[in-house]
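Student: Take a look at data.txt, compact mmCIF, C-alpha atoms:
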# COMPACT_ATOMS: atom_id res chain seq x y z
CA MET A 1 8.80 -32.10 -19.68
CA PRO A 2 6.26 -29.26 -19.76
CA SER A 3 5.30 -27.87 -23.12
CA THR A 4 6.86 -24.61 -24.34
CA SER A 5 3.62 -22.74 -23.66
CA GLU A 6 3.47 -24.12 -20.13
CA THR A 7 7.07 -23.04 -19.53
CA ARG A 8 6.31 -19.53 -20.73
CA ALA A 9 3.26 -19.42 -18.46
CA ALA A 10 5.31 -20.59 -15.48
CA ASP A 11 7.91 -17.90 -16.19
CA ALA A 12 5.34 -15.10 -16.52
CA GLU A 13 5.39 -12.32 -13.93
CA THR A 14 1.66 -12.85 -13.35
CA LEU A 15 -0.06 -16.23 -13.47
CA VAL A 16 -3.75 -16.02 -14.39
CA GLU A 17 -5.97 -19.08 -14.31
CA ARG A 18 -9.36 -20.45 -13.42
CA GLN A 19 -9.64 -22.78 -10.44
CA GLY A 20 -13.20 -23.94 -10.12
CA ALA A 21 -15.31 -20.86 -9.40
CA LEU A 22 -12.23 -18.73 -8.68
CA GLY A 23 -10.44 -16.47 -11.09
CA ARG A 24 -6.91 -16.64 -9.75
CA ILE A 25 -4.25 -13.93 -10.05
CA ARG A 26 -0.88 -15.10 -8.74
CA LEU A 27 1.99 -12.61 -8.55
CA ASN A 28 5.04 -14.50 -9.76
CA ARG A 29 8.26 -12.67 -8.95
CA PRO A 30 9.09 -14.48 -5.68
CA LYS A 31 12.81 -13.62 -5.80
CA ALA A 32 11.83 -9.95 -5.91
CA LEU A 33 9.16 -10.40 -3.22
CA ASN A 34 6.59 -10.15 -6.04
CA SER A 35 7.33 -6.44 -6.50
CA LEU A 36 4.99 -4.96 -9.08
CA THR A 37 6.12 -4.06 -12.59
CA LEU A 38 4.10 -2.20 -15.18
CA GLN A 39 3.50 -5.48 -16.99
CA MET A 40 2.07 -7.04 -13.82
CA VAL A 41 -0.30 -4.11 -13.33
CA CYS A 42 -1.50 -4.47 -16.92
CA ASP A 43 -1.85 -8.25 -16.45
CA ILE A 44 -4.03 -7.74 -13.39
CA GLU A 45 -6.23 -5.24 -15.24
CA ALA A 46 -6.68 -7.65 -18.15
CA ALA A 47 -7.46 -10.53 -15.79
CA LEU A 48 -10.10 -8.47 -13.98
CA ASP A 49 -11.67 -7.64 -17.35
CA ASN A 50 -11.86 -11.29 -18.34
CA PHE A 51 -13.09 -12.56 -14.98
CA GLU A 52 -15.78 -9.88 -14.83
CA ARG A 53 -17.23 -11.15 -18.10
CA ASP A 54 -16.91 -14.85 -17.26
CA PRO A 55 -20.23 -16.22 -15.91
CA PHE A 56 -18.45 -19.23 -14.41
CA ILE A 57 -16.28 -17.11 -12.12
CA ALA A 58 -17.80 -16.35 -8.72
CA ALA A 59 -14.87 -14.37 -7.29
CA VAL A 60 -11.30 -13.25 -7.90
CA LEU A 61 -8.49 -14.45 -5.64
CA VAL A 62 -5.14 -12.62 -5.51
CA THR A 63 -2.10 -14.36 -3.99
CA GLY A 64 1.68 -14.16 -4.15
CA GLU A 65 4.02 -16.97 -5.16
CA GLY A 66 6.80 -18.06 -2.84
CA GLU A 67 6.98 -18.19 0.92
CA ARG A 68 7.98 -14.62 1.73
CA GLY A 69 5.06 -12.39 0.88
CA LEU A 70 2.19 -11.26 -1.27
CA CYS A 71 3.98 -8.18 -2.65
CA ALA A 72 6.68 -5.87 -1.34
CA GLY A 73 5.46 -2.91 -3.41
CA GLY A 74 6.29 -1.35 -6.74
CA ASP A 75 9.63 -2.16 -8.35
CA ILE A 76 11.36 0.76 -6.70
CA ARG A 77 14.70 0.13 -8.44
CA ALA A 78 12.99 0.42 -11.83
CA ILE A 79 11.37 3.70 -10.74
CA TYR A 80 14.74 4.96 -9.48
CA ASP A 81 16.48 4.07 -12.74
CA GLY A 82 13.67 5.55 -14.85
CA GLY A 83 13.65 8.77 -12.85
CA LYS A 84 17.42 9.12 -13.09
CA ALA A 85 17.22 8.65 -16.87
CA GLY A 86 14.41 11.17 -17.28
CA SER A 87 12.13 8.45 -18.63
CA ASP A 88 8.34 8.58 -18.64
CA ALA A 89 8.27 5.01 -17.29
CA PRO A 90 7.78 5.88 -13.59
CA THR A 91 4.86 8.20 -14.36
CA THR A 92 3.32 5.59 -16.67
CA PHE A 93 3.65 2.98 -13.93
CA TRP A 94 2.00 5.18 -11.30
CA ARG A 95 -0.78 6.15 -13.70
CA GLU A 96 -1.64 2.51 -14.41
CA GLU A 97 -1.16 1.41 -10.81
CA TYR A 98 -3.38 4.11 -9.31
CA THR A 99 -6.06 3.46 -11.93
CA LEU A 100 -6.01 -0.20 -10.92
CA ASN A 101 -6.22 0.73 -7.22
CA ALA A 102 -9.37 2.75 -7.88
CA ARG A 103 -10.97 -0.13 -9.76
CA ILE A 104 -10.75 -2.76 -7.04
CA GLY A 105 -13.27 -1.37 -4.53
CA PRO A 106 -16.22 -1.13 -6.94
CA TYR A 107 -15.31 -4.36 -8.78
CA PRO A 108 -18.63 -6.19 -9.33
CA LYS A 109 -17.45 -9.60 -8.11
CA PRO A 110 -15.94 -10.44 -4.74
CA TYR A 111 -12.23 -9.62 -4.69
CA ILE A 112 -10.42 -11.86 -2.22
CA VAL A 113 -6.78 -11.27 -1.32
CA ILE A 114 -4.54 -13.37 0.90
CA MET A 115 -2.13 -10.97 2.58
CA ASP A 116 0.36 -13.62 3.68
CA GLY A 117 3.90 -12.53 4.50
CA ILE A 118 5.19 -9.12 3.39
CA VAL A 119 2.56 -6.67 2.12
CA MET A 120 3.99 -3.22 1.48
CA GLY A 121 3.39 -0.18 -0.71
CA GLY A 122 1.96 -1.32 -4.02
CA GLY A 123 1.11 -4.66 -2.43
CA VAL A 124 -1.14 -2.75 -0.07
CA GLY A 125 -2.70 -1.00 -3.07
CA ILE A 126 -3.86 -4.28 -4.61
CA SER A 127 -5.09 -5.56 -1.23
CA VAL A 128 -6.65 -2.91 0.94
CA TYR A 129 -9.59 -2.16 -1.40
CA GLY A 130 -10.63 -5.81 -1.67
CA SER A 131 -13.96 -7.05 -0.39
CA HIS A 132 -12.40 -9.97 1.54
CA ARG A 133 -8.94 -9.26 2.99
CA ILE A 134 -7.29 -12.22 4.71
CA VAL A 135 -4.22 -11.99 6.95
CA THR A 136 -2.12 -14.72 8.55
CA GLU A 137 0.35 -15.08 11.39
CA ARG A 138 3.09 -14.25 8.85
CA THR A 139 1.57 -10.96 7.67
CA ARG A 140 3.88 -7.94 7.80
CA PHE A 141 1.87 -4.99 6.51
CA ALA A 142 3.62 -1.63 6.11
CA MET A 143 3.77 1.67 4.25
CA PRO A 144 7.49 2.44 4.75
CA GLU A 145 7.86 5.20 2.16
CA THR A 146 8.97 8.01 4.48
CA GLY A 147 12.17 6.01 4.96
CA ILE A 148 13.07 6.28 1.26
CA GLY A 149 12.25 9.94 0.67
CA PHE A 150 8.81 9.18 -0.75
CA PHE A 151 5.31 9.29 0.78
CA PRO A 152 2.71 6.55 1.37
CA ASP A 153 0.80 6.38 -1.91
CA VAL A 154 -1.62 4.00 -3.69
CA GLY A 155 -4.40 5.92 -1.94
CA ALA A 156 -2.88 5.86 1.53
CA SER A 157 -4.17 9.37 2.13
CA TRP A 158 -7.61 7.75 1.78
CA PHE A 159 -7.35 4.37 3.54
CA LEU A 160 -5.20 5.70 6.40
CA THR A 161 -7.72 8.43 7.15
CA ARG A 162 -10.96 6.47 7.38
CA GLN A 163 -10.40 5.71 11.07
CA ALA A 164 -11.75 7.75 13.97
CA SER A 165 -8.34 7.34 15.60
CA GLU A 166 -4.82 8.48 14.69
CA LEU A 167 -3.65 4.93 13.99
CA GLY A 168 -3.53 5.66 10.27
CA THR A 169 -1.35 8.72 10.91
CA TYR A 170 1.00 6.53 12.95
CA VAL A 171 1.17 3.92 10.18
CA GLY A 172 1.84 6.48 7.45
CA LEU A 173 4.52 8.45 9.29
CA THR A 174 6.47 5.71 11.08
CA GLY A 175 6.32 3.00 8.40
CA GLU A 176 6.29 0.44 11.21
CA PRO A 177 5.04 -3.03 10.14
CA LEU A 178 1.71 -4.33 11.36
CA GLY A 179 0.90 -7.92 12.17
CA ALA A 180 -2.49 -9.52 11.56
CA ALA A 181 -4.30 -8.18 14.63
CA ASP A 182 -3.01 -4.65 14.11
CA ALA A 183 -3.92 -4.62 10.41
CA ILE A 184 -7.46 -5.63 11.38
CA LEU A 185 -7.55 -3.04 14.18
CA VAL A 186 -6.60 -0.23 11.78
CA GLY A 187 -9.29 -1.40 9.34
CA LEU A 188 -6.87 -2.58 6.65
CA ALA A 189 -7.79 -6.27 6.79
CA ASP A 190 -10.83 -8.32 7.75
CA VAL A 191 -10.15 -11.92 8.73
CA PHE A 192 -7.33 -13.97 10.22
CA VAL A 193 -6.65 -17.44 8.81
CA ARG A 194 -3.66 -19.54 9.87
CA SER A 195 -1.27 -20.16 6.99
CA GLU A 196 -1.55 -23.93 7.23
CA ARG A 197 -5.26 -23.63 6.41
CA LEU A 198 -4.88 -21.50 3.29
CA ASP A 199 -4.77 -24.38 0.80
CA ALA A 200 -7.95 -25.86 2.26
CA LEU A 201 -9.62 -22.46 2.21
CA ILE A 202 -8.72 -21.92 -1.45
CA ALA A 203 -10.06 -25.35 -2.33
CA ALA A 204 -13.32 -24.61 -0.50
CA LEU A 205 -13.72 -21.29 -2.29
CA ALA A 206 -12.99 -22.89 -5.66
CA SER A 207 -15.71 -25.49 -5.06
CA LEU A 208 -18.45 -22.90 -4.51
CA PRO A 209 -21.15 -22.47 -7.18
CA ALA A 210 -20.44 -19.86 -9.83
CA ASP A 211 -23.42 -17.79 -8.69
CA SER A 212 -22.24 -17.60 -5.06
CA SER A 213 -22.91 -14.32 -3.33
CA SER A 214 -20.44 -12.23 -1.39
CA GLU A 215 -22.21 -13.39 1.78
CA GLN A 216 -21.63 -17.05 0.88
CA ILE A 217 -17.98 -16.35 0.31
CA SER A 218 -17.75 -14.53 3.65
CA THR A 219 -19.36 -17.52 5.37
CA THR A 220 -16.89 -19.91 3.74
CA ILE A 221 -13.92 -17.79 4.82
CA ALA A 222 -15.32 -17.46 8.33
CA GLY A 223 -15.31 -21.25 8.59
CA PHE A 224 -11.51 -21.18 8.36
CA SER A 225 -10.91 -18.08 10.45
CA ASP A 226 -9.44 -17.85 13.91
CA VAL A 227 -8.56 -15.26 16.54
CA PRO A 228 -5.25 -13.63 15.58
CA PRO A 229 -2.30 -13.45 17.96
CA ALA A 230 -2.36 -10.29 20.07
CA GLY A 231 -1.12 -7.15 18.33
CA VAL A 232 0.98 -4.33 19.73
CA LEU A 233 -1.08 -1.24 18.89
CA GLU A 234 -4.23 -1.64 20.96
CA PRO A 235 -2.49 -1.10 24.34
CA HIS A 236 -0.94 2.09 22.93
CA GLN A 237 -3.93 3.45 21.05
CA ARG A 238 -4.64 6.24 23.52
CA ILE A 239 -1.09 7.53 23.47
CA ILE A 240 -0.98 7.30 19.67
CA ASP A 241 -4.20 9.28 19.43
CA ARG A 242 -2.77 11.94 21.70
CA LEU A 243 0.71 12.21 20.19
CA PHE A 244 -0.33 12.11 16.52
CA ALA A 245 -3.35 14.41 16.74
CA PHE A 246 -1.49 17.48 15.44
CA ASP A 247 -1.45 18.99 11.98
CA THR A 248 2.29 19.70 11.78
CA ILE A 249 5.25 17.39 12.17
CA GLU A 250 6.90 19.90 14.47
CA GLU A 251 4.02 19.59 16.94
CA ILE A 252 4.14 15.79 16.79
CA PHE A 253 7.89 15.82 17.51
CA ALA A 254 7.33 18.24 20.39
CA ALA A 255 4.65 16.00 21.88
CA LEU A 256 6.92 12.97 21.58
CA ARG A 257 9.79 14.79 23.26
CA ALA A 258 7.53 15.92 26.08
CA ASP A 259 6.26 12.40 26.75
CA ASP A 260 8.37 10.34 29.12
CA SER A 261 7.09 6.90 28.15
CA PRO A 262 9.37 4.27 26.53
CA PHE A 263 6.88 3.99 23.67
CA ALA A 264 7.10 7.70 22.87
CA LYS A 265 10.89 7.58 23.01
CA LYS A 266 10.88 4.65 20.61
CA LEU A 267 8.63 6.51 18.17
CA LEU A 268 10.78 9.63 18.38
CA ALA A 269 13.84 7.57 17.49
CA ILE A 270 12.03 5.98 14.53
CA LEU A 271 10.72 9.27 13.13
CA SER A 272 14.11 10.90 13.53
CA THR A 273 15.52 8.54 10.88
CA LYS A 274 12.93 9.52 8.24
CA SER A 275 13.19 12.19 5.58
CA PRO A 276 12.01 15.48 7.16
CA LEU A 277 10.51 16.57 3.84
CA SER A 278 8.73 13.23 3.37
CA LEU A 279 7.26 13.39 6.87
CA THR A 280 5.96 16.89 6.24
CA VAL A 281 4.45 16.04 2.85
CA THR A 282 2.94 12.80 4.20
CA LEU A 283 1.18 14.50 7.09
CA ARG A 284 -0.23 17.17 4.80
CA LEU A 285 -1.52 14.49 2.40
CA LEU A 286 -3.12 12.63 5.29
CA ARG A 287 -4.82 15.75 6.61
CA PHE A 288 -6.12 16.61 3.14
CA GLY A 289 -7.27 13.02 2.78
CA ARG A 290 -9.29 13.21 5.97
CA LYS A 291 -11.35 16.03 4.41
CA THR A 292 -11.68 14.33 1.02
CA GLU A 293 -14.84 12.55 -0.10
CA THR A 294 -13.54 10.05 -2.65
CA LEU A 295 -10.60 7.74 -3.18
CA GLU A 296 -10.15 9.13 -6.68
CA GLU A 297 -9.47 12.61 -5.29
CA CYS A 298 -6.79 11.23 -2.97
CA LEU A 299 -5.17 9.23 -5.75
CA GLU A 300 -5.24 12.29 -7.99
CA ARG A 301 -3.46 14.37 -5.36
CA GLU A 302 -0.89 11.64 -4.77
CA PHE A 303 -0.31 11.24 -8.52
CA SER A 304 0.38 14.96 -8.82
CA ALA A 305 2.85 14.71 -5.96
CA THR A 306 4.87 11.98 -7.69
CA ALA A 307 6.18 14.57 -10.15
CA ALA A 308 7.94 16.31 -7.27
CA VAL A 309 9.25 12.96 -6.01
CA LEU A 310 11.06 12.39 -9.31
CA ARG A 311 12.68 15.82 -9.02
CA SER A 312 13.63 15.45 -5.36
CA HIS A 313 16.99 14.68 -3.81
CA ASP A 314 15.57 12.60 -0.97
CA PHE A 315 13.91 9.93 -3.12
CA TYR A 316 17.11 9.04 -4.97
CA GLU A 317 19.14 9.26 -1.77
CA GLY A 318 16.64 7.11 0.13
CA VAL A 319 16.60 4.39 -2.53
CA ARG A 320 20.39 4.52 -2.76
CA ALA A 321 20.75 3.95 0.98
CA ALA A 322 18.06 1.26 1.23
CA VAL A 323 18.28 -0.64 -2.06
CA ILE A 324 21.47 0.14 -3.99
CA ASP A 325 24.35 0.68 -1.55
CA LYS A 326 22.33 -0.68 1.39
CA ASP A 327 24.31 1.37 3.89
CA ARG A 328 21.07 2.43 5.66
CA ASN A 329 22.55 5.90 6.09
CA PRO A 330 20.61 8.35 3.92
CA GLN A 331 21.76 11.97 3.91
CA TRP A 332 18.48 13.86 3.75
CA ARG A 333 18.27 17.31 2.22
CA PRO A 334 17.19 19.26 4.14
CA ALA A 335 18.47 17.29 7.11
CA ARG A 336 16.35 19.09 9.72
CA LEU A 337 12.63 19.74 9.97
CA ALA A 338 13.37 23.39 10.72
CA ASP A 339 14.96 23.75 7.29
CA VAL A 340 12.01 22.43 5.28
CA THR A 341 10.56 25.44 3.48
CA ALA A 342 7.07 26.24 2.25
CA ALA A 343 8.42 26.09 -1.31
CA ASP A 344 9.77 22.58 -0.68
CA ILE A 345 6.31 21.43 0.41
CA ASP A 346 4.31 23.33 -2.18
CA ALA A 347 6.20 21.57 -4.98
CA TYR A 348 4.29 18.39 -4.05
CA PHE A 349 0.88 20.01 -4.29
CA GLN A 350 0.81 21.34 -7.82
CA PRO A 351 -2.10 20.04 -9.97
CA SER A 352 -1.13 17.51 -12.62
CA ALA A 353 -1.27 18.61 -16.25
CA HIS A 354 -2.65 15.17 -17.09
CA PRO A 355 -5.00 14.10 -14.28
CA LEU A 356 -6.11 10.52 -13.74
CA PHE A 357 -9.79 10.96 -13.02
CA ALA A 358 -10.62 14.42 -14.37
CA ALA A 359 -14.28 13.61 -14.93
CA LYS A 360 -14.74 12.35 -11.37
CA ILE A 361 -13.00 15.08 -9.40
CA LYS A 362 -15.26 17.73 -8.00
CA GLU A 363 -14.30 21.34 -8.45
CA GLY A 364 -13.01 23.01 -5.33
CA SER A 365 -11.48 19.88 -3.77
CA PRO A 366 -8.26 20.53 -1.84
CA THR A 367 -5.08 20.13 -3.89
Would you mind writing the structure in this file as structure tokens?

Tutor:
Amino acid sequence: MPSTSETRAADAETLVERQGALGRIRLNRPKALNSLTLQMVCDIEAALDNFERDPFIAAVLVTGEGERGLCAGGDIRAIYDGGKAGSDAPTTFWREEYTLNARIGPYPKPYIVIMDGIVMGGGVGISVYGSHRIVTERTRFAMPETGIGFFPDVGASWFLTRQASELGTYVGLTGEPLGAADAILVGLADVFVRSERLDALIAALASLPADSSSEQISTTIAGFSDVPPAGVLEPHQRIIDRLFAFDTIEEIFAALRADDSPFAKKLLAILSTKSPLSLTVTLRLLRFGRKTETLEECLEREFSATAAVLRSHDFYEGVRAAVIDKDRNPQWRPARLADVTAADIDAYFQPSAHPLFAAKIKEGSPT
């Protein structure tokens, strides 16, 4: 029988431990696809603090427990319930989550994440800023928020706009899942490792010296890497770049309708199921993000927009249809793009009274 303390550790939402030279962070809500709670975000922050100070830790490794995925996102049901009740809990969660997202990129030790299985929303936020981002043949990467009356957040208006192409626009608007090759193509992952080699890779990383450099870790990972199975986006990149190059959703829909290809017809059908207001807000965030110089500015803008999410009809209706009743039949309001007003959109672009990164945001940045 395990001791009481071991049982409590095994039942924790986040398992934090040292394995050789690795500081391990294991998301431990497998029945909920490791969806993030506020406690998990705080656990990750505390673990990063401790591992940063530990001279025997060469790198941090983030993984998800269970066979289904790293993390399916934030606990959207908890946000729904908190918003309905008028609680501060959703805003507190986003504040802590976005602060964590901003910390990962500049973290002083290598931050390795294994993006095996489902990686969505908040799971993307704890992955995409890592220094070593590993995908497998089971990876299903997506930002599906426009389908629940929300917008791609956790800095999506930053990481989906660093490409020279319109692939990020496609990912943010359609919510379509990406496999390993496509995630690498869009610049959201680095290396493909087959899932059966993950245990051996982790053991090899754990056996490295504590003073190993990022280059040594890259070399170790490369020794287990392979060529990923072919993706679906590369053959369609030119048409995506052409159809998603516009600055309004109306123009994108018009381009899709004018295109006779099966791919364009498929995309038109997908976008037609999304919240018209969410599509409009998402595209505006992405276009602002393209002109923005720092991740913190994008996160700040997204954080401000969450206040409007909690007041919106479409968020609660989208979660109802997808998570609560599961009828997959949301009744968006407004139901048509033509009925989305400037006032509807402007509500998402009001500065926050309590900004996240006030000291880091330059005056005059777009809001």

Student: May I have the residues within 12 Å of Ala353 in chain A as a list in words, using only C-alpha atoms and disregarding those fewer than 3 positions away in the same chain?

Tutor: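 Non-adjacent residues within range: Glu300, Arg301, Phe303, Ser304, Ala305, Ala307, Gln350, Leu356, Phe357 and Ala358 of chain A.
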
Student: Using all atoms listed in the file, determine which residues lie at most 10 Å from range 140-148 of chain A, disregarding the query and same-chain residues fewer than 6 positions distant; provide the list as a PyMOL selection string.

Tutor: chain A and resi 68-73+76+115-124+154+156+171-180+182-183+188-189+270-271+273-282+314-323+328+330+332

Student: Using the selection just defined, write its residues with C-alpha atoms as an mmCIF file, in the frame of the given file.

Tutor:
data_model
loop_
_atom_site.group_PDB
_atom_site.id
_atom_site.type_symbol
_atom_site.label_atom_id
_atom_site.label_comp_id
_atom_site.auth_asym_id
_atom_site.auth_seq_id
_atom_site.Cartn_x
_atom_site.Cartn_y
_atom_site.Cartn_z
ATOM 1 C CA ARG A 68 7.980 -14.620 1.730
ATOM 2 C CA GLY A 69 5.060 -12.390 0.880
ATOM 3 C CA LEU A 70 2.190 -11.260 -1.270
ATOM 4 C CA CYS A 71 3.980 -8.180 -2.650
ATOM 5 C CA ALA A 72 6.680 -5.870 -1.340
ATOM 6 C CA GLY A 73 5.460 -2.910 -3.410
ATOM 7 C CA ILE A 76 11.360 0.760 -6.700
ATOM 8 C CA MET A 115 -2.130 -10.970 2.580
ATOM 9 C CA ASP A 116 0.360 -13.620 3.680
ATOM 10 C CA GLY A 117 3.900 -12.530 4.500
ATOM 11 C CA ILE A 118 5.190 -9.120 3.390
ATOM 12 C CA VAL A 119 2.560 -6.670 2.120
ATOM 13 C CA MET A 120 3.990 -3.220 1.480
ATOM 14 C CA GLY A 121 3.390 -0.180 -0.710
ATOM 15 C CA GLY A 122 1.960 -1.320 -4.020
ATOM 16 C CA GLY A 123 1.110 -4.660 -2.430
ATOM 17 C CA VAL A 124 -1.140 -2.750 -0.070
ATOM 18 C CA VAL A 154 -1.620 4.000 -3.690
ATOM 19 C CA ALA A 156 -2.880 5.860 1.530
ATOM 20 C CA VAL A 171 1.170 3.920 10.180
ATOM 21 C CA GLY A 172 1.840 6.480 7.450
ATOM 22 C CA LEU A 173 4.520 8.450 9.290
ATOM 23 C CA THR A 174 6.470 5.710 11.080
ATOM 24 C CA GLY A 175 6.320 3.000 8.400
ATOM 25 C CA GLU A 176 6.290 0.440 11.210
ATOM 26 C CA PRO A 177 5.040 -3.030 10.140
ATOM 27 C CA LEU A 178 1.710 -4.330 11.360
ATOM 28 C CA GLY A 179 0.900 -7.920 12.170
ATOM 29 C CA ALA A 180 -2.490 -9.520 11.560
ATOM 30 C CA ASP A 182 -3.010 -4.650 14.110
ATOM 31 C CA ALA A 183 -3.920 -4.620 10.410
ATOM 32 C CA LEU A 188 -6.870 -2.580 6.650
ATOM 33 C CA ALA A 189 -7.790 -6.270 6.790
ATOM 34 C CA ILE A 270 12.030 5.980 14.530
ATOM 35 C CA LEU A 271 10.720 9.270 13.130
ATOM 36 C CA THR A 273 15.520 8.540 10.880
ATOM 37 C CA LYS A 274 12.930 9.520 8.240
ATOM 38 C CA SER A 275 13.190 12.190 5.580
ATOM 39 C CA PRO A 276 12.010 15.480 7.160
ATOM 40 C CA LEU A 277 10.510 16.570 3.840
ATOM 41 C CA SER A 278 8.730 13.230 3.370
ATOM 42 C CA LEU A 279 7.260 13.390 6.870
ATOM 43 C CA THR A 280 5.960 16.890 6.240
ATOM 44 C CA VAL A 281 4.450 16.040 2.850
ATOM 45 C CA THR A 282 2.940 12.800 4.200
ATOM 46 C CA ASP A 314 15.570 12.600 -0.970
ATOM 47 C CA PHE A 315 13.910 9.930 -3.120
ATOM 48 C CA TYR A 316 17.110 9.040 -4.970
ATOM 49 C CA GLU A 317 19.140 9.260 -1.770
ATOM 50 C CA GLY A 318 16.640 7.110 0.130
ATOM 51 C CA VAL A 319 16.600 4.390 -2.530
ATOM 52 C CA ARG A 320 20.390 4.520 -2.760
ATOM 53 C CA ALA A 321 20.750 3.950 0.980
ATOM 54 C CA ALA A 322 18.060 1.260 1.230
ATOM 55 C CA VAL A 323 18.280 -0.640 -2.060
ATOM 56 C CA ARG A 328 21.070 2.430 5.660
ATOM 57 C CA PRO A 330 20.610 8.350 3.920
ATOM 58 C CA TRP A 332 18.480 13.860 3.750
#

Student: Just the number, please: distance in Å from CA of Val186 in chain A to CA of Arg162 in chain A, one decimal.

Tutor: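 Atom-to-atom, CA of Val186 in chain A to CA of Arg162 in chain A, that is 9.1 Å.
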
Student: What's the separation between CA of Ile104 in chain A and CA of Ser131 in chain A, in Å to one decimal place?

Tutor: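 CA of Ser131 in chain A lies at a distance of 8.5 Å from CA of Ile104 in chain A.
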
Student: Record the distance separating CA of Phe159 in chain A and CA of Val113 in chain A, expressed in Å with one decimal.

Tutor: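 Computing the Euclidean distance for CA of Phe159 in chain A and CA of Val113 in chain A yields 16.4 Å.
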
Student: Point out the residue among A:Thr63, A:Thr99, A:Gln19, A:Ser213 with the least atom-to-atom distance to Val41 in chain A, counting all atoms listed in the file.

Tutor: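 Counting all atoms listed in the file, the residue closest to Val41 in chain A is A:Thr99.
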
Student: Nearest to Pro355 in chain A among A:Tyr98, A:Trp158, A:Phe192, A:Phe224, with distances taken over all atoms listed in the file: which residue is it?

Tutor: A:Tyr98

Student: With a distance cut-off of 10 Å and all atoms listed in the file, select the neighbouring residues of Ser195 in chain A, excluding the residue or stretch itself and same-chain residues fewer than 5 positions from it, and output the selection as a PyMOL selection string.

Tutor: chain A and resi 114+116-117+135-139+200-201

Student: Could you tell me which of A:Asp49, A:Asp190, A:Glu96, A:Glu67 comes closest to Pro108 in chain A if we count all atoms listed in the file?

Tutor: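 Of A:Asp49, A:Asp190, A:Glu96, A:Glu67, the one nearest Pro108 in chain A is A:Asp49, counting all atoms listed in the file.
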